[in-house]
Amino acid sequence: MVRPVRIRAMARVGAGGVARCAMGAALAIAIPGTAYAQRGGADSVWTTEWIPVSGGHLKARVYRSLDATPAPILVIVLHGDAPVNKPGYQYTFAQAAAGLGDVVIAAILRPGYIDAAGDTSSGDRGLTTGDNYTRDRIDAIMAVIRHLRAEYHARAVVLAGHSGGAAISADILGLHPDLAKAALLVSCPCDVPAWRAHMKSIHPAPVWDVPVESLSPQDLAEKVSSSVHVQMVVGAADSVAPPELTTRYADALRRKGIDVNVTLLPGEGHEIFLEPAVQGVLADLLHSIR
């Protein structure tokens with residue numbers, strides 16, 4: 001259920017992943033989902049925020065490193081299209097990344113999605129066929145990013161997305177070239193028409209012929225700032241978003257002189273966002289912009 005007002009809960013998450021709610025155990029009972037911590041990760045303070053956007057609220061789970069300064073780096077984490085499961089892995093990723101120093105890591109529940117805690121962000125989830133990387137959904141996510149950037153006085157913004165979340169992150173790079181200093185794009189279907197054609201070839205169905213209004217990162221590559229740092233990671237055996245979709249986008253960025261690096265994980269498929277190697281790439285990316 002989407003809450004009509006912005007709600008904020010806070011907990012301390014230790015190295016063992018045990019959440020201690022700073023507002024008391026009663027809050028976890030009264031507001032299900034706001035005092036929920038994934039297991040693992042470094043010491044951090046986390047909050048759940050319901051941030052106003054056009055037409056409602058989006059949920060953001062925010063992890064603040066205990067090493068964070070008054071002006072930290074804000075890392076925005078976006079989950080994939082999740083056609084079957086209720087996404088919760090973005091919170092696991094964010095909690096682990098909170099151990100990377102002077103950072104605030106915000107995992108956003110994309111418009112229309114229900115997460116593993118049963119919470120729902122406002123908006124239309126769509127069919128998860130590459131149809132929900134649209135301007136209105138991106139605008140909603142941008143409203144959340146601007147809100148969090150101001151709230152945490154972030155000195156820089158870094159985008160980190162998996163699959164459809166990577167496509168949206170790359171779209172943001174093109175639409176708002178002055179926003180992010182860096183981006184981590186994992187398993188990216190960065191050429192949306194080519195990706196939909198690929199999916200039709202392996203899962204033939206009429207739904208792939210339905211026109212969509214999604215923005216394709218490949219078409220926006222020319223608008224990406226030449227000063228942004230981009231790291232891309234893809235599994236060599238990814239049958240959902242094949243590596244050529246990553247390398248094609250990377251090549252387009254390189255033609256603009258953009259600092260981009262591609263990491264190919266041998267033998268890995270599509271679900272690699274929680275792999276330690278990805279956290280390692282994020283750590284390198286953060287180090288490069290500090």
# chains A, B, ... in the order shown; residues from 1 in each chain; ligands from 1
>>> select_by_dssp(residues="region 7-217 of chain A", states="strand (DSSP E)", output="VMD selection string")
chain A and resid 8 to 13 19 to 21 44 to 53 56 to 65 73 to 78 103 to 108 156 to 162 182 to 186
>>> write_last_selection(atoms="C-alpha atoms", output="CSV table (one decimal), in the first residue's frame")
chain,number,residue,atom,x,y,z
A,8,ARG,CA,11.0,8.1,7.7
A,9,ALA,CA,12.4,5.3,9.9
A,10,MET,CA,15.9,4.9,11.1
A,11,ALA,CA,18.0,1.9,12.1
A,12,ARG,CA,21.6,1.1,12.9
A,13,VAL,CA,22.8,-1.9,10.8
A,19,ALA,CA,18.8,-3.8,12.6
A,20,ARG,CA,18.2,-1.8,15.8
A,21,CYS,CA,15.4,0.6,15.2
A,44,SER,CA,25.6,2.0,8.5
A,45,VAL,CA,22.5,4.0,9.5
A,46,TRP,CA,19.6,3.4,7.2
A,47,THR,CA,16.3,5.1,6.6
A,48,THR,CA,13.2,4.4,4.6
A,49,GLU,CA,11.8,7.4,2.9
A,50,TRP,CA,8.6,8.0,0.9
A,51,ILE,CA,9.4,10.8,-1.4
A,52,PRO,CA,6.7,12.9,-3.2
A,53,VAL,CA,6.6,12.7,-6.9
A,56,GLY,CA,2.2,9.9,-5.4
A,57,HIS,CA,5.4,8.7,-3.7
A,58,LEU,CA,8.4,6.6,-4.5
A,59,LYS,CA,10.1,4.5,-1.8
A,60,ALA,CA,13.8,4.9,-1.2
A,61,ARG,CA,15.8,2.8,1.2
A,62,VAL,CA,18.8,5.0,2.2
A,63,TYR,CA,22.0,3.7,3.8
A,64,ARG,CA,24.4,6.3,5.2
A,65,SER,CA,27.9,5.2,6.0
A,73,ILE,CA,28.8,11.2,-2.4
A,74,LEU,CA,25.2,10.1,-3.2
A,75,VAL,CA,24.9,6.8,-5.0
A,76,ILE,CA,21.5,6.1,-6.6
A,77,VAL,CA,20.7,2.4,-7.0
A,78,LEU,CA,18.1,1.2,-9.5
A,103,VAL,CA,28.8,7.7,0.8
A,104,VAL,CA,25.1,7.7,1.1
A,105,ILE,CA,23.5,4.9,-0.9
A,106,ALA,CA,19.9,5.3,-1.9
A,107,ALA,CA,18.1,2.3,-3.4
A,108,ILE,CA,14.9,3.4,-5.2
A,156,ALA,CA,28.4,14.4,-6.2
A,157,VAL,CA,25.9,11.9,-7.6
A,158,VAL,CA,26.7,8.5,-8.9
A,159,LEU,CA,24.2,6.3,-10.7
A,160,ALA,CA,24.3,2.5,-10.2
A,161,GLY,CA,21.7,0.4,-12.1
A,162,HIS,CA,21.1,-3.2,-13.0
A,182,ALA,CA,29.8,8.8,-12.6
A,183,ALA,CA,27.7,5.7,-13.4
A,184,LEU,CA,27.9,2.0,-12.9
A,185,LEU,CA,25.8,0.2,-15.6
A,186,VAL,CA,25.4,-3.6,-15.0
>>> select_by_dssp(residues="region 42-263 of chain A", states="helix (DSSP H, G or I)", output="PyMOL selection string")
chain A and resi 89-97+135-151+164-175+192-202+206-209+217-223+243-254
>>> residues_around(residues="Asp102 (chain A)", least_positions_apart="2", cutoff="6 Å", atoms="only C-alpha atoms", output="ChimeraX atom specification")
/A:67-68,72
>>> closest_residue(among="A:Ser288, A:Asn261, A:Thr129, A:Thr246", to="Pro211 (chain A)", atoms="only C-alpha atoms")
A:Thr129
>>> closest_atom_pairs(of="region 165-206 of chain A", to="region 80-91 of chain A", cutoff="10 Å", atoms="only C-alpha atoms", output="tab-separated table")
residue	atom	partner	partner_atom	distance
A:Gly165	CA	A:Gly80	CA	4.8
A:Ala166	CA	A:Gly80	CA	7.4
A:Ala167	CA	A:Gly80	CA	8.9
A:Ile168	CA	A:Gly80	CA	9.4
A:Val186	CA	A:Gly80	CA	9.7
A:Ser187	CA	A:Gly80	CA	9.3
A:Cys188	CA	A:Gly80	CA	9.3
>>> write_last_selection(atoms="N, CA and C atoms", output="CSV table (one decimal), in the first residue's frame")
chain,number,residue,atom,x,y,z
A,165,GLY,N,17.3,-1.0,-14.8
A,165,GLY,CA,17.7,0.1,-14.0
A,165,GLY,C,19.0,0.7,-14.6
A,166,ALA,N,19.8,-0.1,-15.2
A,166,ALA,CA,21.0,0.4,-15.9
A,166,ALA,C,20.6,1.3,-17.1
A,167,ALA,N,19.6,0.8,-17.9
A,167,ALA,CA,19.1,1.5,-19.0
A,167,ALA,C,18.5,2.9,-18.6
A,168,ILE,N,17.8,2.9,-17.5
A,168,ILE,CA,17.3,4.2,-17.0
A,168,ILE,C,18.4,5.1,-16.5
A,186,VAL,N,25.2,-2.1,-15.1
A,186,VAL,CA,25.4,-3.6,-15.0
A,186,VAL,C,24.3,-4.3,-15.8
A,187,SER,N,24.8,-5.2,-16.7
A,187,SER,CA,23.8,-6.0,-17.5
A,187,SER,C,22.8,-5.1,-18.3
A,188,CYS,N,23.4,-4.1,-19.0
A,188,CYS,CA,22.5,-3.1,-19.6
A,188,CYS,C,21.9,-3.4,-20.9
>>> residues_around(residues="Ala71 (chain A)", least_positions_apart="5", cutoff="7 Å", atoms="only C-alpha atoms", output="PDB file with C-alpha atoms, in the first residue's frame")
ATOM      1  CA  TYR A 152      22.029  14.862   2.222  1.00  0.00           C
ATOM      2  CA  HIS A 153      23.964  17.861   0.820  1.00  0.00           C
ATOM      3  CA  ALA A 154      25.687  15.536  -1.628  1.00  0.00           C
ATOM      4  CA  ARG A 155      28.805  16.862  -3.294  1.00  0.00           C
TER       5      ARG A 155
END
>>> residues_around(residues="Thr247 (chain A)", least_positions_apart="3", cutoff="10 Å", atoms="only C-alpha atoms", output="PyMOL selection string")
chain A and resi 188+190+232-234+242-244+250-253+261-264
>>> residues_around(residues="Leu220 (chain A)", least_positions_apart="4", cutoff="10 Å", atoms="only C-alpha atoms", output="ChimeraX atom specification")
/A:170-175,190,215-216,224,249,252-253
>>> write_last_selection(atoms="C-alpha atoms", output="mmCIF file, in the first residue's frame")
data_model
loop_
_atom_site.group_PDB
_atom_site.id
_atom_site.type_symbol
_atom_site.label_atom_id
_atom_site.label_comp_id
_atom_site.auth_asym_id
_atom_site.auth_seq_id
_atom_site.Cartn_x
_atom_site.Cartn_y
_atom_site.Cartn_z
ATOM 1 C CA ALA A 170 22.083 5.654 -18.895
ATOM 2 C CA ASP A 171 19.003 7.564 -20.070
ATOM 3 C CA ILE A 172 19.515 9.979 -17.178
ATOM 4 C CA LEU A 173 23.123 10.503 -18.278
ATOM 5 C CA GLY A 174 21.832 11.643 -21.663
ATOM 6 C CA LEU A 175 18.820 13.636 -20.488
ATOM 7 C CA CYS A 190 21.398 -0.123 -23.635
ATOM 8 C CA LEU A 215 14.045 6.078 -24.334
ATOM 9 C CA SER A 216 17.042 4.127 -25.585
ATOM 10 C CA VAL A 224 26.217 12.400 -22.321
ATOM 11 C CA TYR A 249 26.978 1.648 -25.961
ATOM 12 C CA ALA A 252 29.374 5.255 -28.601
ATOM 13 C CA LEU A 253 30.592 6.905 -25.411
#
